[in-house]
>>> print(open('coords_33.cif').read())   # mmCIF, C-alpha atoms
data_coords
#
loop_
_atom_site.label_atom_id
_atom_site.label_comp_id
_atom_site.auth_asym_id
_atom_site.auth_seq_id
_atom_site.Cartn_x
_atom_site.Cartn_y
_atom_site.Cartn_z
CA MET A 248 66.82 -52.13 -77.79
CA ASP A 249 69.55 -51.81 -80.43
CA SER A 250 71.03 -48.45 -81.41
CA GLU A 251 69.63 -48.56 -84.98
CA ARG A 252 66.07 -48.73 -83.72
CA ARG A 253 66.80 -46.05 -81.15
CA ARG A 254 68.07 -43.74 -83.89
CA ALA A 255 65.02 -44.41 -86.01
CA LEU A 256 62.67 -43.69 -83.13
CA ARG A 257 64.46 -40.41 -82.38
CA ALA A 258 63.96 -39.38 -85.99
CA CYS A 259 60.19 -39.76 -85.56
CA GLY A 260 60.23 -36.30 -84.10
CA GLY A 261 59.89 -35.54 -80.43
CA LEU A 262 61.67 -37.39 -77.73
CA LEU A 263 58.48 -38.24 -75.87
CA ALA A 264 56.84 -39.54 -79.03
CA ALA A 265 59.82 -41.77 -79.61
CA LEU A 266 59.84 -43.03 -76.05
CA ALA A 267 56.10 -43.61 -76.11
CA ALA A 268 56.47 -45.63 -79.32
CA ALA A 269 59.07 -47.74 -77.58
CA GLY A 270 56.71 -48.22 -74.65
CA PHE A 271 59.10 -46.43 -72.29
CA VAL A 272 57.07 -43.37 -71.35
CA PRO A 273 54.98 -43.62 -68.21
CA PRO A 274 51.37 -43.06 -69.36
CA ALA A 275 50.82 -40.19 -66.93
CA LEU A 276 53.53 -38.09 -68.51
CA ALA A 277 52.46 -38.79 -72.07
CA GLN A 278 48.95 -37.65 -71.20
CA SER A 279 49.86 -34.72 -68.99
CA GLY A 280 48.81 -32.39 -71.78
CA ALA A 281 51.70 -30.02 -71.27
CA GLY A 282 53.21 -30.83 -74.64
CA ALA A 283 56.88 -31.31 -75.40
CA TRP A 284 59.52 -29.82 -73.13
CA ASN A 285 59.59 -26.13 -73.97
CA ALA A 286 63.17 -25.89 -75.21
CA ALA A 287 62.67 -22.37 -76.59
CA ALA A 288 61.45 -20.99 -73.27
CA PHE A 289 64.13 -22.75 -71.22
CA GLY A 290 66.83 -21.60 -73.65
CA ALA A 291 65.85 -17.92 -73.61
CA ALA A 292 68.67 -15.92 -72.06
CA ASP A 293 66.95 -12.99 -70.37
CA LEU A 294 63.72 -12.47 -68.51
CA ASP A 295 61.98 -10.52 -71.29
CA ALA A 296 62.89 -13.11 -73.92
CA ALA A 297 61.61 -15.95 -71.71
CA LEU A 298 58.33 -14.11 -71.03
CA THR A 299 57.90 -13.47 -74.76
CA VAL A 300 58.41 -17.14 -75.63
CA LEU A 301 55.90 -18.09 -72.91
CA GLY A 302 53.37 -15.70 -74.46
CA ALA A 303 53.45 -13.60 -71.28
CA ALA A 304 55.07 -10.40 -72.53
CA GLY A 305 52.05 -8.36 -71.41
CA SER A 306 52.15 -9.73 -67.86
CA VAL A 307 50.83 -7.38 -65.16
CA GLU A 308 52.40 -7.03 -61.72
CA SER A 309 50.01 -8.36 -59.06
CA PRO A 310 49.93 -8.06 -55.27
CA ASP A 311 47.94 -11.32 -55.17
CA ILE A 312 51.02 -13.43 -55.79
CA ARG A 313 53.10 -14.11 -52.69
CA ILE A 314 56.71 -15.21 -52.95
CA GLU A 315 58.57 -16.50 -49.91
CA ALA A 316 62.33 -16.60 -50.34
CA PRO A 317 65.23 -15.77 -48.07
CA GLU A 318 66.37 -12.14 -48.09
CA VAL A 319 69.92 -13.38 -47.98
CA SER A 320 71.10 -16.84 -48.98
CA ASP A 321 74.55 -18.12 -48.16
CA THR A 322 74.56 -20.34 -51.23
CA GLY A 323 73.05 -19.81 -54.68
CA GLY A 324 72.90 -23.54 -55.31
CA THR A 325 69.79 -24.13 -53.25
CA VAL A 326 67.48 -21.17 -52.69
CA PRO A 327 64.12 -22.29 -51.24
CA VAL A 328 61.20 -20.49 -52.87
CA ALA A 329 57.48 -20.81 -52.15
CA VAL A 330 54.84 -19.20 -54.36
CA THR A 331 51.15 -18.79 -53.55
CA SER A 332 48.70 -17.31 -56.04
CA ASP A 333 45.45 -15.83 -54.76
CA ILE A 334 44.33 -15.02 -58.30
CA PRO A 335 41.17 -17.00 -59.16
CA GLY A 336 41.54 -19.44 -62.02
CA THR A 337 45.29 -19.91 -61.59
CA ASP A 338 46.32 -22.87 -63.71
CA ALA A 339 50.08 -22.40 -64.07
CA ILE A 340 52.95 -20.90 -62.10
CA ALA A 341 56.38 -20.31 -63.63
CA LEU A 342 59.56 -19.45 -61.76
CA LEU A 343 62.21 -17.26 -63.36
CA VAL A 344 65.45 -15.82 -62.01
CA ASP A 345 66.35 -12.59 -63.73
CA LYS A 346 70.14 -12.79 -63.35
CA ASN A 347 70.55 -16.45 -64.32
CA PRO A 348 72.21 -17.32 -67.68
CA THR A 349 68.80 -18.62 -68.75
CA ALA A 350 65.94 -16.96 -66.91
CA LEU A 351 63.27 -19.69 -66.81
CA SER A 352 63.70 -22.29 -64.06
CA ALA A 353 60.44 -24.22 -63.94
CA VAL A 354 56.84 -24.18 -65.13
CA ILE A 355 54.30 -25.78 -62.81
CA GLU A 356 50.88 -26.91 -64.02
CA VAL A 357 48.09 -26.50 -61.47
CA PRO A 358 45.21 -28.85 -62.37
CA ALA A 359 41.73 -28.38 -60.87
CA GLY A 360 41.78 -29.65 -57.29
CA THR A 361 45.42 -28.70 -56.75
CA ASP A 362 46.23 -25.64 -54.62
CA PRO A 363 47.92 -22.75 -56.46
CA TRP A 364 50.96 -23.15 -54.23
CA VAL A 365 54.37 -24.63 -54.90
CA ASN A 366 57.57 -24.92 -52.93
CA LEU A 367 60.81 -25.72 -54.71
CA ASN A 368 64.55 -25.04 -54.66
CA LEU A 369 66.18 -22.89 -57.33
CA ARG A 370 69.73 -22.10 -58.33
CA MET A 371 70.76 -18.47 -58.55
CA ALA A 372 73.97 -17.39 -60.26
CA GLU A 373 74.10 -14.05 -58.47
CA SER A 374 72.00 -11.72 -56.34
CA GLY A 375 68.85 -10.79 -58.17
CA ASN A 376 65.12 -11.30 -58.37
CA VAL A 377 63.03 -14.42 -58.28
CA VAL A 378 60.04 -13.76 -60.52
CA ALA A 379 56.82 -15.75 -60.16
CA LEU A 380 54.67 -15.70 -63.29
CA VAL A 381 51.08 -16.83 -62.92
CA ARG A 382 48.62 -17.74 -65.69
CA ALA A 383 44.97 -17.37 -64.67
CA THR A 384 42.01 -17.48 -67.05
CA GLY A 385 44.34 -16.97 -69.98
CA ARG A 386 45.99 -13.84 -68.58
CA TYR A 387 49.46 -13.42 -67.08
CA TYR A 388 50.46 -11.81 -63.79
CA HIS A 389 53.75 -11.64 -61.96
CA ALA A 390 55.51 -10.66 -58.76
CA ARG A 391 59.18 -10.43 -57.93
CA ARG A 392 61.29 -10.79 -54.81
CA GLY A 393 64.94 -9.89 -54.36
CA VAL A 394 67.42 -12.41 -52.96
CA LYS A 395 70.97 -11.42 -52.02
CA LEU A 396 73.59 -14.09 -52.34
CA VAL A 397 76.77 -14.49 -50.39
CA GLN A 398 77.94 -17.01 -53.05
CA GLY A 399 76.56 -17.75 -56.52
CA GLY A 400 75.50 -21.28 -57.50
CA CYS A 401 74.59 -21.77 -61.12
CA GLU A 402 77.46 -24.10 -61.96
CA MET B 61 78.91 -45.19 -71.51
CA THR B 62 78.24 -46.91 -68.20
CA GLU B 63 74.65 -47.79 -67.45
CA HIS B 64 73.18 -45.23 -65.10
CA VAL B 65 70.91 -46.51 -62.38
CA SER B 66 68.59 -43.89 -60.98
CA GLU B 67 67.77 -43.71 -57.31
CA PRO B 68 64.29 -43.63 -55.81
CA THR B 69 62.44 -40.38 -55.34
CA ARG B 70 61.71 -39.73 -51.68
CA ILE B 71 58.00 -39.02 -51.34
CA ARG B 72 56.00 -37.97 -48.34
CA ALA B 73 52.22 -37.56 -48.81
CA VAL B 74 50.19 -36.61 -45.75
CA LEU B 75 46.56 -35.66 -45.28
CA THR B 76 46.25 -32.16 -43.85
CA GLY B 77 43.43 -30.00 -42.54
CA GLY B 78 42.33 -32.01 -39.54
CA LYS B 79 39.77 -34.81 -39.26
CA GLY B 80 37.75 -35.44 -42.39
CA GLY B 81 40.16 -33.38 -44.47
CA ASP B 82 40.89 -34.70 -47.94
CA THR B 83 43.75 -32.38 -48.84
CA VAL B 84 47.11 -34.06 -49.23
CA GLU B 85 50.42 -32.26 -48.92
CA VAL B 86 53.04 -33.97 -51.05
CA ARG B 87 56.75 -33.33 -50.55
CA MET B 88 59.16 -35.05 -52.88
CA ARG B 89 62.91 -35.15 -53.36
CA LEU B 90 64.18 -36.48 -56.67
CA VAL B 91 67.73 -37.81 -56.86
CA HIS B 92 69.39 -36.18 -59.86
CA ASP B 93 72.59 -34.16 -60.37
CA MET B 94 70.86 -31.58 -62.57
CA GLU B 95 74.04 -30.73 -64.48
CA THR B 96 73.71 -27.29 -66.06
CA GLY B 97 76.31 -27.86 -68.76
CA ARG B 98 78.33 -24.96 -67.36
CA ARG B 99 80.34 -26.80 -64.74
CA THR B 100 83.95 -27.85 -65.25
CA GLY B 101 84.67 -31.30 -63.89
CA ALA B 102 87.75 -32.52 -62.05
CA ASP B 103 89.29 -33.52 -65.41
CA GLY B 104 89.12 -29.92 -66.63
CA LYS B 105 86.37 -30.70 -69.16
CA VAL B 106 82.91 -29.14 -69.12
CA VAL B 107 80.37 -31.61 -67.73
CA PRO B 108 77.56 -31.98 -70.31
CA ALA B 109 74.08 -30.75 -69.42
CA TRP B 110 71.90 -33.49 -67.95
CA PHE B 111 68.80 -32.62 -65.99
CA VAL B 112 65.23 -33.57 -65.19
CA GLN B 113 62.92 -31.96 -67.74
CA ARG B 114 59.49 -33.21 -66.66
CA VAL B 115 57.92 -34.33 -63.43
CA SER B 116 54.38 -35.48 -62.93
CA VAL B 117 52.42 -36.78 -59.99
CA THR B 118 49.27 -38.83 -60.38
CA HIS B 119 46.59 -39.95 -57.96
CA ARG B 120 44.20 -42.67 -59.11
CA GLY B 121 45.31 -42.10 -62.70
CA ARG B 122 44.73 -38.35 -62.64
CA THR B 123 47.57 -35.83 -62.88
CA VAL B 124 47.60 -33.69 -59.74
CA PHE B 125 50.92 -31.93 -60.40
CA ALA B 126 53.14 -31.51 -63.41
CA ALA B 127 56.29 -29.48 -63.91
CA GLN B 128 58.71 -28.71 -66.68
CA CYS B 129 62.20 -27.96 -65.38
CA GLY B 130 65.40 -26.50 -66.61
CA PRO B 131 68.86 -27.01 -65.12
CA THR B 132 68.45 -24.06 -62.76
CA VAL B 133 66.27 -26.14 -60.51
CA SER B 134 68.57 -27.26 -57.70
CA ARG B 135 70.42 -30.54 -57.63
CA ASN B 136 68.19 -33.28 -56.16
CA PRO B 137 65.07 -31.29 -57.04
CA GLN B 138 62.53 -30.89 -54.29
CA PHE B 139 58.91 -29.93 -54.82
CA ALA B 140 55.97 -29.55 -52.46
CA PHE B 141 52.33 -29.02 -53.42
CA ARG B 142 48.82 -29.80 -52.16
CA PHE B 143 45.80 -31.38 -53.82
CA SER B 144 42.31 -32.41 -52.70
CA GLY B 145 40.10 -35.43 -53.05
CA ALA B 146 42.22 -38.17 -51.53
CA LYS B 147 42.01 -40.69 -48.69
CA ALA B 148 44.62 -42.24 -46.45
CA GLY B 149 45.93 -45.47 -47.90
CA GLU B 150 45.50 -44.39 -51.51
CA SER B 151 48.74 -43.75 -53.33
CA VAL B 152 50.47 -41.09 -55.38
CA ALA B 153 52.96 -41.86 -58.14
CA VAL B 154 55.85 -39.55 -59.04
CA THR B 155 57.39 -39.86 -62.50
CA TRP B 156 60.28 -37.92 -63.96
CA VAL B 157 61.92 -37.85 -67.39
CA ASP B 158 65.33 -36.28 -67.97
CA SER B 159 67.18 -34.75 -70.90
CA ARG B 160 68.74 -38.10 -71.81
CA GLY B 161 65.32 -39.75 -71.96
CA GLU B 162 65.80 -41.64 -68.72
CA SER B 163 62.71 -41.91 -66.60
CA ARG B 164 61.73 -43.21 -63.22
CA ARG B 165 58.46 -43.83 -61.39
CA ASP B 166 58.02 -44.21 -57.64
CA GLU B 167 54.87 -44.55 -55.52
CA ALA B 168 54.01 -43.73 -51.96
CA ALA B 169 50.95 -44.27 -49.79
CA ILE B 170 49.04 -41.28 -48.47
CA MET B 171 49.45 -41.14 -44.70
CA PRO B 172 46.76 -39.96 -42.30
CA GLY B 173 47.36 -36.53 -40.80
#
>>> encode(input="coords_33.cif", output="structure tokens")
Amino acid sequence: MDSERRRALRACGGLLAALAAAGFVPPALAQSGAGAWNAAAFGAADLDAALTVLGAAGSVESPDIRIEAPEVSDTGGTVPVAVTSDIPGTDAIALLVDKNPTALSAVIEVPAGTDPWVNLNLRMAESGNVVALVRATGRYYHARRGVKLVQGGCE
Amino acid sequence: MTEHVSEPTRIRAVLTGGKGGDTVEVRMRLVHDMETGRRTGADGKVVPAWFVQRVSVTHRGRTVFAAQCGPTVSRNPQFAFRFSGAKAGESVAVTWVDSRGESRRDEAAIMPG
């Protein structure tokens, strides 16, 4: 595809829309219903700003969210984190790291039939808290877990 | 700019929960540098941000997992999750799209537990 057409497609508004128009987007992603990549949320610097952009500023701490993460990690580049939500109606789990330059790491959609559990690796710039934010029946809940780093890894 | 060729996502999908179980545990490892845009390269210049933004997994045309990522997901992102309603021999497809608009789709068969 030549660069002129590529530029024109970009101008259509929305990278995914442009890619879909060019026939490049795998159908599953175009239909996933999650909308465009949430640049505002991923660009928010601190935890409170990210929660606000996500519409979760009123989130309540919940003991029904379990976070497994190492107490001490020798590298911040790969911190394994597992989150389980026991809150009924969980349909999304977000991972944030409060001391990272941008707090939001990932947002996971949990469709019906999928367990409210996710395991992933995060980068942490320095010792701090991993925060798991859960959306369930339109309300937000969170839990946090401290991880101490021997060496930071956000670079 | 040189053409970038992406590498396959490693996918392992296994039925769990004993005989007759229809829950699949999926573990995947994407191959992607996940550049944060904050790293200085060997040439002394800042390496531009370049990272997977969206991942989705489908089973028989239905999305069973979807994620939006930022660059603070680790290099070569790994995810694990579980979903129900599948049989051995059926397949799951993992698709990702990154911040440059590159995308990649890989499939794997569901293995018996």
>>> interface_residues(input="coords_33.cif", of="chain A", to="chain B", cutoff="7 Å", atoms="all atoms listed in the file", output="PyMOL selection string")
chain A and resi 275-276+279+284+289+324-325+352-358+360-362+364-370+401-402
>>> closest_residue(input="coords_33.cif", among="B:Val152, B:Ala102, B:Ile170, B:Ala109", to="Asp82 in chain B", atoms="all atoms listed in the file")
B:Ile170
>>> residues_around(input="coords_33.cif", residues="range 291-306 of chain A", least_positions_apart="5", cutoff="10 Å", atoms="all atoms listed in the file", output="short mmCIF file (atom, residue, chain, number, x, y, z; two decimals) with C-alpha atoms, keeping the file's coordinate frame")
data_model
loop_
_atom_site.label_atom_id
_atom_site.label_comp_id
_atom_site.auth_asym_id
_atom_site.auth_seq_id
_atom_site.Cartn_x
_atom_site.Cartn_y
_atom_site.Cartn_z
CA ASN A 285 59.59 -26.13 -73.97
CA ALA A 286 63.17 -25.89 -75.21
CA ALA A 341 56.38 -20.31 -63.63
CA LEU A 343 62.21 -17.26 -63.36
CA VAL A 344 65.45 -15.82 -62.01
CA ASP A 345 66.35 -12.59 -63.73
CA LYS A 346 70.14 -12.79 -63.35
CA ASN A 347 70.55 -16.45 -64.32
CA PRO A 348 72.21 -17.32 -67.68
CA THR A 349 68.80 -18.62 -68.75
CA ALA A 350 65.94 -16.96 -66.91
CA LEU A 351 63.27 -19.69 -66.81
CA VAL A 354 56.84 -24.18 -65.13
CA VAL A 378 60.04 -13.76 -60.52
CA LEU A 380 54.67 -15.70 -63.29
CA VAL A 381 51.08 -16.83 -62.92
CA ARG A 382 48.62 -17.74 -65.69
CA GLY A 385 44.34 -16.97 -69.98
CA ARG A 386 45.99 -13.84 -68.58
CA TYR A 387 49.46 -13.42 -67.08
CA TYR A 388 50.46 -11.81 -63.79
CA HIS A 389 53.75 -11.64 -61.96
CA ALA A 390 55.51 -10.66 -58.76
#
>>> atom_distance(input="coords_33.cif", atom1="CA of Ala148 in chain B", atom2="CA of Gly80 in chain B")
10.5 Å
>>> resolve_selection(input="coords_33.cif", expression="the PyMOL selection byres ((chain A and resi 392) around 9)", output="number ranges by chain")
A: 314-316, 318, 375-379, 390-391, 393-394
>>> atom_distance(input="coords_33.cif", atom1="CA of Asp158 in chain B", atom2="CA of Ala329 in chain A")
23.5 Å
>>> atom_distance(input="coords_33.cif", atom1="CA of Ala73 in chain B", atom2="CA of Met171 in chain B")
6.1 Å
>>> closest_residue(input="coords_33.cif", among="B:His92, B:Lys105, B:Lys147, B:Arg72", to="Pro172 in chain B", atoms="all atoms listed in the file")
B:Lys147
>>> closest_residue(input="coords_33.cif", among="A:Ala359, A:Ala372, A:Ala287, A:Ala383", to="Asp333 in chain A", atoms="all atoms listed in the file")
A:Ala383
>>> resolve_selection(input="coords_33.cif", expression="the PyMOL selection byres ((chain A and resi 335) around 10)", output="ChimeraX atom specification")
/A:311,332-334,336-338,363,382-384
>>> build_atoms(input="coords_33.cif", residues="range 96-114 of chain B", atoms="N, CA and C atoms", output="PDB file, keeping the file's coordinate frame")
ATOM      1  N   THR B  96      74.138 -28.425 -65.243  1.00  0.00           N
ATOM      2  CA  THR B  96      73.710 -27.290 -66.060  1.00  0.00           C
ATOM      3  C   THR B  96      74.410 -27.249 -67.412  1.00  0.00           C
ATOM      4  N   GLY B  97      75.520 -27.969 -67.530  1.00  0.00           N
ATOM      5  CA  GLY B  97      76.310 -27.860 -68.760  1.00  0.00           C
ATOM      6  C   GLY B  97      77.303 -26.717 -68.677  1.00  0.00           C
ATOM      7  N   ARG B  98      77.391 -26.086 -67.514  1.00  0.00           N
ATOM      8  CA  ARG B  98      78.330 -24.960 -67.360  1.00  0.00           C
ATOM      9  C   ARG B  98      79.420 -25.278 -66.337  1.00  0.00           C
ATOM     10  N   ARG B  99      79.387 -26.486 -65.814  1.00  0.00           N
ATOM     11  CA  ARG B  99      80.340 -26.800 -64.740  1.00  0.00           C
ATOM     12  C   ARG B  99      81.556 -27.510 -65.321  1.00  0.00           C
ATOM     13  N   THR B 100      82.732 -27.161 -64.825  1.00  0.00           N
ATOM     14  CA  THR B 100      83.950 -27.850 -65.250  1.00  0.00           C
ATOM     15  C   THR B 100      84.239 -28.964 -64.260  1.00  0.00           C
ATOM     16  N   GLY B 101      84.421 -30.167 -64.765  1.00  0.00           N
ATOM     17  CA  GLY B 101      84.670 -31.300 -63.890  1.00  0.00           C
ATOM     18  C   GLY B 101      86.114 -31.356 -63.417  1.00  0.00           C
ATOM     19  N   ALA B 102      86.403 -32.367 -62.598  1.00  0.00           N
ATOM     20  CA  ALA B 102      87.750 -32.520 -62.050  1.00  0.00           C
ATOM     21  C   ALA B 102      88.781 -32.725 -63.146  1.00  0.00           C
ATOM     22  N   ASP B 103      88.357 -33.267 -64.308  1.00  0.00           N
ATOM     23  CA  ASP B 103      89.290 -33.520 -65.410  1.00  0.00           C
ATOM     24  C   ASP B 103      89.507 -32.275 -66.273  1.00  0.00           C
ATOM     25  N   GLY B 104      88.927 -31.151 -65.870  1.00  0.00           N
ATOM     26  CA  GLY B 104      89.120 -29.920 -66.630  1.00  0.00           C
ATOM     27  C   GLY B 104      88.173 -29.773 -67.801  1.00  0.00           C
ATOM     28  N   LYS B 105      87.329 -30.785 -68.040  1.00  0.00           N
ATOM     29  CA  LYS B 105      86.370 -30.700 -69.160  1.00  0.00           C
ATOM     30  C   LYS B 105      85.018 -30.236 -68.636  1.00  0.00           C
ATOM     31  N   VAL B 106      84.250 -29.570 -69.494  1.00  0.00           N
ATOM     32  CA  VAL B 106      82.910 -29.140 -69.120  1.00  0.00           C
ATOM     33  C   VAL B 106      82.005 -30.372 -69.017  1.00  0.00           C
ATOM     34  N   VAL B 107      81.291 -30.484 -67.908  1.00  0.00           N
ATOM     35  CA  VAL B 107      80.370 -31.610 -67.730  1.00  0.00           C
ATOM     36  C   VAL B 107      79.111 -31.333 -68.554  1.00  0.00           C
ATOM     37  N   PRO B 108      78.718 -32.256 -69.447  1.00  0.00           N
ATOM     38  CA  PRO B 108      77.560 -31.980 -70.310  1.00  0.00           C
ATOM     39  C   PRO B 108      76.275 -31.780 -69.504  1.00  0.00           C
ATOM     40  N   ALA B 109      75.376 -30.981 -70.048  1.00  0.00           N
ATOM     41  CA  ALA B 109      74.080 -30.750 -69.420  1.00  0.00           C
ATOM     42  C   ALA B 109      73.322 -32.070 -69.308  1.00  0.00           C
ATOM     43  N   TRP B 110      72.680 -32.273 -68.185  1.00  0.00           N
ATOM     44  CA  TRP B 110      71.900 -33.490 -67.950  1.00  0.00           C
ATOM     45  C   TRP B 110      70.986 -33.198 -66.776  1.00  0.00           C
ATOM     46  N   PHE B 111      69.688 -33.086 -67.047  1.00  0.00           N
ATOM     47  CA  PHE B 111      68.800 -32.620 -65.990  1.00  0.00           C
ATOM     48  C   PHE B 111      67.370 -33.118 -66.216  1.00  0.00           C
ATOM     49  N   VAL B 112      66.641 -33.189 -65.137  1.00  0.00           N
ATOM     50  CA  VAL B 112      65.230 -33.570 -65.190  1.00  0.00           C
ATOM     51  C   VAL B 112      64.477 -32.494 -65.969  1.00  0.00           C
ATOM     52  N   GLN B 113      63.678 -32.920 -66.959  1.00  0.00           N
ATOM     53  CA  GLN B 113      62.920 -31.960 -67.740  1.00  0.00           C
ATOM     54  C   GLN B 113      61.432 -31.962 -67.368  1.00  0.00           C
ATOM     55  N   ARG B 114      60.919 -33.106 -66.950  1.00  0.00           N
ATOM     56  CA  ARG B 114      59.490 -33.210 -66.660  1.00  0.00           C
ATOM     57  C   ARG B 114      59.262 -34.055 -65.423  1.00  0.00           C
TER      58      ARG B 114
END
